[in-house]
Structures are given as structure tokens and as C-alpha cells.
>>> print(open('data16.cif').read())   # mmCIF, C-alpha atoms
data_run
loop_
_atom_site.label_atom_id
_atom_site.label_comp_id
_atom_site.auth_asym_id
_atom_site.auth_seq_id
_atom_site.Cartn_x
_atom_site.Cartn_y
_atom_site.Cartn_z
CA GLY J 26 121.01 92.91 144.02
CA GLN J 27 118.37 95.12 142.49
CA GLN J 28 114.77 94.23 143.27
CA LEU J 29 111.42 95.45 142.16
CA ASN J 30 108.91 96.96 144.57
CA GLN J 31 105.77 94.88 144.25
CA SER J 32 102.57 95.76 146.08
CA PRO J 33 100.48 94.84 147.82
CA GLN J 34 102.34 92.04 149.57
CA SER J 35 99.09 90.14 150.10
CA MET J 36 95.40 90.48 149.35
CA PHE J 37 92.30 88.75 150.68
CA ILE J 38 89.23 89.38 148.57
CA GLN J 39 85.73 88.08 147.94
CA GLU J 40 84.96 86.03 144.87
CA GLY J 41 83.78 88.28 142.06
CA GLU J 42 85.85 91.29 143.09
CA ASP J 43 88.44 92.90 140.84
CA VAL J 44 92.10 92.84 141.85
CA SER J 45 94.92 95.23 141.07
CA MET J 46 98.62 94.91 141.85
CA ASN J 47 101.68 96.74 140.64
CA CYS J 48 105.45 96.79 140.40
CA THR J 49 107.79 99.73 140.34
CA SER J 50 111.47 100.06 139.62
CA SER J 51 113.98 102.82 140.25
CA SER J 52 115.28 102.61 136.70
CA ILE J 53 113.79 102.32 133.24
CA PHE J 54 112.83 98.80 132.15
CA ASN J 55 112.45 97.39 128.64
CA THR J 56 110.58 94.22 129.57
CA TRP J 57 107.85 93.48 132.08
CA LEU J 58 106.56 89.97 132.74
CA TRP J 59 103.83 88.73 135.06
CA TYR J 60 103.86 85.19 136.49
CA LYS J 61 101.55 83.17 138.71
CA GLN J 62 102.77 80.44 141.05
CA ASP J 63 100.38 77.86 142.47
CA PRO J 64 101.39 75.96 145.62
CA GLY J 65 103.88 73.20 144.81
CA GLU J 66 104.35 74.37 141.24
CA GLY J 67 106.79 76.50 139.28
CA PRO J 68 105.81 79.99 138.10
CA VAL J 69 103.72 80.19 134.94
CA LEU J 70 104.02 83.11 132.55
CA LEU J 71 100.77 85.08 132.29
CA ILE J 72 101.59 88.17 130.26
CA ALA J 73 104.69 89.66 128.63
CA LEU J 74 105.04 93.38 127.84
CA TYR J 75 107.70 95.06 125.69
CA LYS J 76 106.55 98.59 124.86
CA ALA J 77 105.80 101.61 127.03
CA GLY J 78 102.05 102.07 127.27
CA GLU J 79 101.34 98.55 126.02
CA LEU J 80 98.13 97.06 127.38
CA THR J 81 97.73 93.29 127.00
CA SER J 82 94.96 90.94 128.09
CA ASN J 83 94.89 87.23 128.79
CA GLY J 84 91.31 86.25 129.60
CA ARG J 85 90.30 88.07 132.79
CA LEU J 86 93.85 89.33 133.27
CA THR J 87 95.08 92.65 131.93
CA ALA J 88 98.57 94.06 132.32
CA GLN J 89 100.05 97.39 131.32
CA PHE J 90 103.60 98.58 130.71
CA GLY J 91 103.73 101.97 132.42
CA ILE J 92 104.31 105.02 130.25
CA THR J 93 107.26 106.08 132.43
CA ARG J 94 108.84 102.64 131.79
CA LYS J 95 109.33 102.32 135.56
CA ASP J 96 106.17 100.46 136.48
CA SER J 97 103.67 97.85 135.46
CA PHE J 98 100.18 96.88 136.60
CA LEU J 99 98.25 93.63 136.63
CA ASN J 100 94.49 93.60 136.98
CA ILE J 101 92.28 90.56 137.48
CA SER J 102 88.59 91.04 136.87
CA ALA J 103 85.77 89.07 138.51
CA SER J 104 88.07 86.92 140.63
CA ILE J 105 87.35 83.21 141.12
CA PRO J 106 88.77 80.73 143.65
CA SER J 107 91.34 79.34 141.21
CA ASP J 108 92.97 82.78 141.04
CA VAL J 109 94.51 81.98 144.42
CA GLY J 110 98.30 81.93 144.30
CA ILE J 111 101.34 84.15 144.31
CA TYR J 112 101.76 86.64 141.49
CA PHE J 113 105.26 87.77 140.61
CA CYS J 114 106.36 90.60 138.40
CA ALA J 115 109.70 90.39 136.67
CA GLY J 116 111.47 92.81 134.41
CA SER J 117 114.67 93.74 132.72
CA PRO J 118 116.35 97.12 132.26
CA ASN J 119 118.30 95.65 129.38
CA ALA J 120 117.41 95.27 125.74
CA GLY J 121 118.58 93.18 122.85
CA ASN J 122 120.01 89.81 123.79
CA ASN J 123 120.68 90.54 127.45
CA ARG J 124 117.24 90.67 129.12
CA LYS J 125 118.27 89.05 132.39
CA LEU J 126 115.28 89.26 134.74
CA ILE J 127 114.90 91.03 138.08
CA TRP J 128 112.07 89.69 140.25
CA GLY J 129 109.53 91.26 142.56
CA LEU J 130 108.80 89.75 145.95
CA GLY J 131 105.33 88.59 144.99
CA THR J 132 101.70 89.34 145.82
CA SER J 133 99.86 86.56 147.62
CA LEU J 134 96.19 86.45 146.62
CA ALA J 135 93.49 84.68 148.63
CA VAL J 136 89.92 84.51 147.35
CA ASN J 137 86.99 83.85 149.65
CA PRO J 138 84.27 81.90 147.79
CA SER K 24 106.47 76.46 125.36
CA ALA K 25 108.74 73.55 126.28
CA VAL K 26 107.72 70.90 128.80
CA ILE K 27 110.20 70.88 131.66
CA SER K 28 110.42 67.94 134.08
CA GLN K 29 112.37 67.93 137.31
CA LYS K 30 113.39 65.05 139.58
CA PRO K 31 113.00 64.65 142.48
CA SER K 32 109.87 66.71 143.10
CA ARG K 33 110.72 66.76 146.79
CA ASP K 34 113.23 65.22 149.19
CA ILE K 35 114.24 65.31 152.81
CA CYS K 36 117.98 65.14 153.35
CA GLN K 37 120.41 65.00 156.21
CA ARG K 38 122.85 67.75 156.98
CA GLY K 39 126.22 67.26 155.28
CA THR K 40 124.95 65.17 152.39
CA SER K 41 124.57 66.16 148.74
CA LEU K 42 121.60 65.91 146.39
CA THR K 43 121.48 66.08 142.61
CA ILE K 44 118.41 67.50 140.90
CA GLN K 45 117.72 66.61 137.28
CA CYS K 46 116.02 68.76 134.66
CA GLN K 47 114.79 67.30 131.38
CA VAL K 48 113.31 69.41 128.58
CA ASP K 49 111.24 67.94 125.74
CA SER K 50 112.99 70.02 123.08
CA GLN K 51 116.43 71.44 122.48
CA VAL K 52 116.94 74.78 124.18
CA THR K 53 119.87 77.13 124.14
CA MET K 54 119.61 78.61 127.60
CA MET K 55 118.83 76.77 130.83
CA PHE K 56 118.84 78.36 134.24
CA TRP K 57 118.71 77.24 137.86
CA TYR K 58 116.81 79.30 140.42
CA ARG K 59 116.38 79.04 144.18
CA GLN K 60 113.22 80.06 145.99
CA GLN K 61 113.58 80.12 149.75
CA PRO K 62 110.40 79.67 151.82
CA GLY K 63 108.02 82.55 151.26
CA GLN K 64 110.52 84.39 149.11
CA SER K 65 111.00 85.43 145.52
CA LEU K 66 113.19 83.76 142.92
CA THR K 67 116.97 84.08 142.94
CA LEU K 68 119.07 83.07 139.95
CA ILE K 69 121.82 80.63 140.91
CA ALA K 70 123.47 80.13 137.53
CA THR K 71 123.12 79.78 133.79
CA ALA K 72 123.81 76.22 132.65
CA ASN K 73 125.94 76.38 129.51
CA GLN K 74 126.08 73.43 127.16
CA GLY K 75 129.62 72.18 126.75
CA SER K 76 131.21 74.64 129.14
CA GLU K 77 131.23 75.64 132.79
CA ALA K 78 128.11 77.23 134.22
CA THR K 79 127.97 80.97 134.80
CA TYR K 80 127.28 81.66 138.47
CA GLU K 81 125.60 84.70 139.99
CA SER K 82 127.08 86.65 142.84
CA GLY K 83 126.84 84.68 146.07
CA PHE K 84 126.80 81.25 144.42
CA VAL K 85 129.89 79.13 143.79
CA ILE K 86 130.63 76.01 141.81
CA ASP K 87 131.87 74.03 144.81
CA LYS K 88 128.51 74.40 146.53
CA PHE K 89 126.26 74.17 143.45
CA PRO K 90 128.01 72.18 140.72
CA ILE K 91 126.02 72.14 137.48
CA SER K 92 126.24 69.88 134.46
CA ARG K 93 124.80 70.47 131.00
CA PRO K 94 125.82 67.56 128.78
CA ASN K 95 123.40 68.39 125.94
CA LEU K 96 120.67 70.81 124.87
CA THR K 97 117.83 69.01 126.68
CA PHE K 98 119.28 68.06 130.08
CA SER K 99 120.94 69.63 133.09
CA THR K 100 121.67 68.75 136.71
CA LEU K 101 122.18 70.87 139.79
CA THR K 102 123.89 69.40 142.84
CA VAL K 103 123.46 70.96 146.25
CA SER K 104 126.61 69.95 148.13
CA ASN K 105 127.31 69.57 151.84
CA MET K 106 123.80 70.63 152.68
CA SER K 107 122.74 72.61 155.73
CA PRO K 108 119.24 73.61 156.89
CA GLU K 109 119.75 76.98 155.18
CA ASP K 110 119.69 75.14 151.85
CA SER K 111 116.06 74.15 152.41
CA SER K 112 114.37 75.72 149.38
CA ILE K 113 112.58 75.07 146.16
CA TYR K 114 115.04 74.67 143.30
CA LEU K 115 113.65 75.54 139.90
CA CYS K 116 114.92 74.72 136.44
CA SER K 117 113.95 77.16 133.72
CA VAL K 118 114.50 77.65 130.02
CA GLY K 119 114.24 80.79 128.01
CA THR K 120 116.00 83.39 126.03
CA TYR K 121 117.68 86.67 126.78
CA THR K 122 116.16 87.99 123.52
CA THR K 123 112.67 88.32 124.99
CA GLY K 124 113.45 87.66 128.64
CA GLU K 125 110.60 85.16 128.84
CA LEU K 126 111.32 82.19 131.07
CA PHE K 127 109.45 78.90 131.46
CA PHE K 128 109.79 76.84 134.60
CA GLY K 129 109.70 73.26 135.74
CA GLU K 130 107.51 72.32 138.68
CA GLY K 131 110.40 72.68 141.08
CA SER K 132 112.22 70.41 143.53
CA ARG K 133 111.37 71.06 147.17
CA LEU K 134 114.35 70.27 149.37
CA THR K 135 114.20 70.03 153.16
CA VAL K 136 117.46 69.65 155.07
CA LEU K 137 117.31 68.38 158.64
#
>>> encode(input="data16.cif", output="C-alpha cells")
Amino acid sequence: GQQLNQSPQSMFIQEGEDVSMNCTSSSIFNTWLWYKQDPGEGPVLLIALYKAGELTSNGRLTAQFGITRKDSFLNISASIPSDVGIYFCAGSPNAGNNRKLIWGLGTSLAVNP
Amino acid sequence: SAVISQKPSRDICQRGTSLTIQCQVDSQVTMMFWYRQQPGQSLTLIATANQGSEATYESGFVIDKFPISRPNLTFSTLTVSNMSPEDSSIYLCSVGTYTTGELFFGEGSRLTVL
């Protein structure tokens, strides 16, 4: 089935650094969602985006719905050890009542204290 | 968001046996979904659990292998039948809506098949 291209696949950074990851699709999307999954847990929704150009923050996290409607970015500022985990993007090309999600393959983030 | 509880949280099973995973939600929800996450992989939708009717399965998943029950608006079960080592995965229950696309997940059930 269709998948999103999520990059980078993994990142290893120093505490305090900023992080940026992105997802791209081959078709136009109407919804972009960003999730974080801690080891042994289910994914947790971080940010939801519904409009092209939309920029939304959740604490140190900021995500943007790309103006082309084919990509989205997630930035984490001043990383801390608890940011460790796998970040997934998910999106839907559909609108209305049929926003079935397509998932990226995840970005694994490691933070060195 | 709803609180979603899954049982068991993890299990080790023998090849050829079946295991039923339970999902309990603390409020009534219209749509419940079952996902599979193979080791180191992304999430794959198995099926939509429909209350009062047969589940809707995604391509590659069949009812004989993954029977699903949804007796009411707060509970669902997923059975993994005739298990093989390839079924070793995390199975996730989720609730949400196709209106916004937002999904909320349980903590997952980690299944290891020997």
C-alpha cells in the first residue's frame, strides 16, 4: 500500500540540540499527524494539522503542514533525554468523513545527555 | 481523549495456538481499529471493528486468521489464530474518527510466538 517517505530514519544528537524531521508524499494530503512512541507503549498524538501552511506548536515541538500539501515537518527545540523515542508521521489524502491514515516508517531519536 | 486498556500487555505463545487480545475503552466510541506493528516497523491497519456487524478487513488480512468481536461501543477483541513466529508483533487497539483522522492508541500487546 501507499507509504509516506519519512526522514531521517534515525538521529543521534546531544542534549540541547534542535531536531528536524520530515515526511513527504507523492500525492496531496488533507491531514498530517505527528505521533511519538516510547518503548513498550502505544503511539501518542503530538500535533494534528489540517490546513496548508498551518504551523502548530506543542511546547518545544512545532509542526508545519507544507504549502504544497505534499509534506510536513516536525521540529523539536532544545532536546532533552525524555525526547528519546520513535516519531511517526501519518496523513490522509482524503477529506470529509474518510480520513483513513497512511503511516511513515518512523524516525528513531536518541539523545545523549 | 479516551483511556484505552489492552490485555494482555505481553505474552509468549507456542506455534499453532491462538491468543485473544482484549481492548477496553473508558467511554463509548464509534470507531475502533486494530493495528499490527512488526518489530522495528511502522503501523499496519488490520481491520476496523464495527459494533454489531462483521469487522472490515484491510488487504492482506482475513477473518479466519484475525477474528474480531465488537459486542458494544466500549469493548473489542482481536484473536490471532493458528500462530506462527511471523505473527510476533505488537498489536495495538485504537479509537478515533475518520472526520479528523486523529487516532488514540492503547499501550499495545506484545506477542512473541516460539
>>> closest_residue(input="data16.cif", among="K:Thr79, K:Val52, K:Gln61, K:Lys88", to="Arg133 in chain K", atoms="only C-alpha atoms")
K:Gln61
>>> residues_around(input="data16.cif", residues="Glu109 in chain K", least_positions_apart="6", cutoff="10 Å", atoms="only C-alpha atoms", output="JSON, numbers by chain")
{"K": [38, 61, 135, 136, 137]}
>>> residues_near_point(input="data16.cif", point="(119.8, 66.8, 144.9)", cutoff="6 Å", atoms="all atoms listed in the file", output="list of chain:residue names")
K:Leu42, K:Thr43, K:Ile44, K:Thr102, K:Val103
>>> residues_around(input="data16.cif", residues="Ser117 in chain K", least_positions_apart="3", cutoff="6 Å", atoms="all atoms listed in the file", output="list in words")
Met55, Phe56, Phe127 and Phe128 of chain K
>>> closest_atom_pairs(input="data16.cif", of="chain K", to="chain J", cutoff="7 Å", atoms="all atoms listed in the file", output="JSON lines")
{"residue": "K:Gln64", "atom": "CA", "partner": "J:Leu130", "partner_atom": "CA", "distance": 6.5}
{"residue": "K:Ser65", "atom": "CA", "partner": "J:Leu130", "partner_atom": "CA", "distance": 4.9}
{"residue": "K:Leu66", "atom": "CA", "partner": "J:Trp128", "partner_atom": "CA", "distance": 6.6}
{"residue": "K:Leu115", "atom": "CA", "partner": "J:Gly67", "partner_atom": "CA", "distance": 7.0}
{"residue": "K:Tyr121", "atom": "CA", "partner": "J:Arg124", "partner_atom": "CA", "distance": 4.7}
{"residue": "K:Thr122", "atom": "CA", "partner": "J:Asn122", "partner_atom": "CA", "distance": 4.3}
{"residue": "K:Thr123", "atom": "CA", "partner": "J:Arg124", "partner_atom": "CA", "distance": 6.6}
{"residue": "K:Gly124", "atom": "CA", "partner": "J:Arg124", "partner_atom": "CA", "distance": 4.9}
{"residue": "K:Phe127", "atom": "CA", "partner": "J:Val69", "partner_atom": "CA", "distance": 6.8}
{"residue": "K:Phe128", "atom": "CA", "partner": "J:Gly67", "partner_atom": "CA", "distance": 5.6}
{"residue": "K:Gly129", "atom": "CA", "partner": "J:Gly67", "partner_atom": "CA", "distance": 5.6}
{"residue": "K:Glu130", "atom": "CA", "partner": "J:Gly67", "partner_atom": "CA", "distance": 4.3}
{"residue": "K:Gly131", "atom": "CA", "partner": "J:Gly67", "partner_atom": "CA", "distance": 5.6}
>>> closest_residue(input="data16.cif", among="K:Thr53, K:Ser41, K:Leu101, K:Val85", to="Cys116 in chain K", atoms="all atoms listed in the file")
K:Leu101
>>> closest_residue(input="data16.cif", among="K:Ser32, K:Ser76, K:Ser132, K:Ser99", to="Val118 in chain K", atoms="all atoms listed in the file")
K:Ser99
>>> resolve_selection(input="data16.cif", expression="the PyMOL selection byres ((chain K and resi 71-75) around 9)", output="JSON, numbers by chain")
{"K": [53, 54, 55, 56, 57, 68, 69, 70, 76, 77, 78, 79, 80, 81, 91, 92, 93, 94, 95, 96, 99, 100]}
>>> atom_distance(input="data16.cif", atom1="CA of Ile101 in chain J", atom2="CA of Leu126 in chain K")
21.8 Å
>>> resolve_selection(input="data16.cif", expression="the PyMOL selection byres ((chain K and resi 112) around 7)", output="list in words")
Arg59, Gln60, Gln61, Pro62, Asp110, Ser111, Ile113, Tyr114, Arg133, Leu134 and Thr135 of chain K
>>> atom_distance(input="data16.cif", atom1="CA of Ile53 in chain J", atom2="CA of Asn83 in chain J")
24.6 Å
>>> residues_around(input="data16.cif", residues="Leu86 in chain J", least_positions_apart="5", cutoff="12 Å", atoms="only C-alpha atoms", output="MDAnalysis selection string")
chainID J and resid 43:46 59:61 70:73 80:81 98:105 108 112
>>> closest_residue(input="data16.cif", among="J:Pro118, J:Pro106, J:Ile92, J:Thr132", to="Gly41 in chain J", atoms="only C-alpha atoms")
J:Pro106
>>> residues_around(input="data16.cif", residues="Ser28 in chain K", least_positions_apart="2", cutoff="8 Å", atoms="all atoms listed in the file", output="MDAnalysis selection string")
chainID K and resid 26 30 46:48 129:130
>>> decode(input="data16.cif", residues="chain K", atoms="C-alpha atoms", output="mmCIF file, in the first residue's frame")
data_model
loop_
_atom_site.group_PDB
_atom_site.id
_atom_site.type_symbol
_atom_site.label_atom_id
_atom_site.label_comp_id
_atom_site.auth_asym_id
_atom_site.auth_seq_id
_atom_site.Cartn_x
_atom_site.Cartn_y
_atom_site.Cartn_z
ATOM 1 C CA SER K 24 -9.018 11.618 24.776
ATOM 2 C CA ALA K 25 -10.335 8.203 25.807
ATOM 3 C CA VAL K 26 -8.372 5.869 28.077
ATOM 4 C CA ILE K 27 -7.703 2.619 26.242
ATOM 5 C CA SER K 28 -6.637 -0.527 28.106
ATOM 6 C CA GLN K 29 -5.359 -3.688 26.488
ATOM 7 C CA LYS K 30 -4.884 -7.178 27.902
ATOM 8 C CA PRO K 31 -2.520 -8.958 27.908
ATOM 9 C CA SER K 32 0.301 -6.429 27.749
ATOM 10 C CA ARG K 33 2.614 -9.193 26.575
ATOM 11 C CA ASP K 34 2.580 -12.953 26.067
ATOM 12 C CA ILE K 35 4.751 -15.749 24.791
ATOM 13 C CA CYS K 36 2.852 -18.373 22.839
ATOM 14 C CA GLN K 37 3.525 -21.655 21.130
ATOM 15 C CA ARG K 38 3.227 -22.145 17.421
ATOM 16 C CA GLY K 39 -0.226 -23.331 16.346
ATOM 17 C CA THR K 40 -2.122 -21.877 19.291
ATOM 18 C CA SER K 41 -4.452 -18.878 19.352
ATOM 19 C CA LEU K 42 -4.496 -15.805 21.568
ATOM 20 C CA THR K 43 -7.271 -13.299 22.191
ATOM 21 C CA ILE K 44 -6.394 -9.691 22.963
ATOM 22 C CA GLN K 45 -8.928 -7.508 24.732
ATOM 23 C CA CYS K 46 -9.419 -3.766 24.344
ATOM 24 C CA GLN K 47 -11.498 -1.762 26.816
ATOM 25 C CA VAL K 48 -12.271 1.938 26.377
ATOM 26 C CA ASP K 49 -13.497 4.153 29.214
ATOM 27 C CA SER K 50 -16.139 5.844 27.063
ATOM 28 C CA GLN K 51 -18.370 4.925 24.167
ATOM 29 C CA VAL K 52 -16.650 5.298 20.825
ATOM 30 C CA THR K 53 -17.938 4.818 17.331
ATOM 31 C CA MET K 54 -14.824 3.592 15.605
ATOM 32 C CA MET K 55 -12.285 1.102 16.941
ATOM 33 C CA PHE K 56 -9.345 -0.200 14.993
ATOM 34 C CA TRP K 57 -6.747 -2.941 15.321
ATOM 35 C CA TYR K 58 -3.189 -2.346 14.151
ATOM 36 C CA ARG K 59 -0.120 -4.550 13.893
ATOM 37 C CA GLN K 60 3.410 -3.278 14.404
ATOM 38 C CA GLN K 61 6.074 -5.792 13.466
ATOM 39 C CA PRO K 62 9.490 -5.435 15.142
ATOM 40 C CA GLY K 63 11.144 -2.185 14.129
ATOM 41 C CA GLN K 64 8.384 -1.375 11.676
ATOM 42 C CA SER K 65 5.581 1.105 11.226
ATOM 43 C CA LEU K 66 1.900 0.559 11.920
ATOM 44 C CA THR K 67 -0.311 -1.525 9.645
ATOM 45 C CA LEU K 68 -4.087 -1.430 9.919
ATOM 46 C CA ILE K 69 -5.573 -4.911 10.301
ATOM 47 C CA ALA K 70 -9.259 -4.049 10.455
ATOM 48 C CA THR K 71 -11.976 -1.705 11.628
ATOM 49 C CA ALA K 72 -14.055 -3.250 14.414
ATOM 50 C CA ASN K 73 -17.698 -2.478 13.729
ATOM 51 C CA GLN K 74 -20.231 -2.634 16.530
ATOM 52 C CA GLY K 75 -22.970 -5.108 15.759
ATOM 53 C CA SER K 76 -21.575 -6.255 12.435
ATOM 54 C CA GLU K 77 -18.587 -8.015 10.926
ATOM 55 C CA ALA K 78 -15.245 -6.235 11.005
ATOM 56 C CA THR K 79 -13.891 -4.578 7.872
ATOM 57 C CA TYR K 80 -10.517 -6.085 6.996
ATOM 58 C CA GLU K 81 -7.673 -4.456 5.095
ATOM 59 C CA SER K 82 -5.967 -6.087 2.166
ATOM 60 C CA GLY K 83 -3.792 -8.965 3.326
ATOM 61 C CA PHE K 84 -5.779 -9.701 6.484
ATOM 62 C CA VAL K 85 -8.603 -12.232 6.718
ATOM 63 C CA ILE K 86 -11.251 -13.056 9.270
ATOM 64 C CA ASP K 87 -10.158 -16.671 9.691
ATOM 65 C CA LYS K 88 -6.720 -15.565 10.849
ATOM 66 C CA PHE K 89 -7.751 -12.454 12.810
ATOM 67 C CA PRO K 90 -11.338 -12.816 14.028
ATOM 68 C CA ILE K 91 -12.604 -9.660 15.724
ATOM 69 C CA SER K 92 -15.542 -9.094 18.028
ATOM 70 C CA ARG K 93 -17.177 -5.786 18.946
ATOM 71 C CA PRO K 94 -20.128 -6.524 21.223
ATOM 72 C CA ASN K 95 -20.642 -2.907 22.350
ATOM 73 C CA LEU K 96 -19.261 0.622 21.994
ATOM 74 C CA THR K 97 -16.554 0.234 24.656
ATOM 75 C CA PHE K 98 -15.049 -3.214 24.042
ATOM 76 C CA SER K 99 -13.423 -5.246 21.304
ATOM 77 C CA THR K 100 -11.296 -8.371 20.976
ATOM 78 C CA LEU K 101 -8.787 -9.478 18.381
ATOM 79 C CA THR K 102 -7.824 -13.145 18.121
ATOM 80 C CA VAL K 103 -4.618 -14.196 16.429
ATOM 81 C CA SER K 104 -5.321 -17.739 15.241
ATOM 82 C CA ASN K 105 -3.005 -20.650 14.499
ATOM 83 C CA MET K 106 0.011 -18.547 15.331
ATOM 84 C CA SER K 107 3.415 -18.788 13.692
ATOM 85 C CA PRO K 108 6.644 -16.923 14.518
ATOM 86 C CA GLU K 109 5.774 -14.420 11.771
ATOM 87 C CA ASP K 110 2.862 -13.277 13.941
ATOM 88 C CA SER K 111 5.280 -11.993 16.584
ATOM 89 C CA SER K 112 4.345 -8.311 16.748
ATOM 90 C CA ILE K 113 2.827 -5.592 18.830
ATOM 91 C CA TYR K 114 -0.933 -5.482 18.379
ATOM 92 C CA LEU K 115 -2.491 -2.101 19.034
ATOM 93 C CA CYS K 116 -6.080 -1.134 19.674
ATOM 94 C CA SER K 117 -7.032 2.391 18.684
ATOM 95 C CA VAL K 118 -10.079 4.614 18.669
ATOM 96 C CA GLY K 119 -10.763 7.631 16.584
ATOM 97 C CA THR K 120 -12.769 9.170 13.859
ATOM 98 C CA TYR K 121 -12.498 9.414 10.124
ATOM 99 C CA THR K 122 -13.773 13.012 10.438
ATOM 100 C CA THR K 123 -10.462 14.333 11.751
ATOM 101 C CA GLY K 124 -8.292 11.276 11.206
ATOM 102 C CA GLU K 125 -6.956 11.529 14.754
ATOM 103 C CA LEU K 126 -6.345 8.182 16.407
ATOM 104 C CA PHE K 127 -5.637 7.347 20.048
ATOM 105 C CA PHE K 128 -3.898 4.130 20.990
ATOM 106 C CA GLY K 129 -3.767 1.623 23.785
ATOM 107 C CA GLU K 130 -0.398 0.610 25.192
ATOM 108 C CA GLY K 131 -0.241 -2.402 22.909
ATOM 109 C CA SER K 132 0.018 -6.162 23.360
ATOM 110 C CA ARG K 133 3.459 -7.582 22.604
ATOM 111 C CA LEU K 134 3.148 -11.113 21.259
ATOM 112 C CA THR K 135 6.080 -13.497 20.835
ATOM 113 C CA VAL K 136 5.470 -16.799 19.070
ATOM 114 C CA LEU K 137 8.001 -19.575 19.537
#
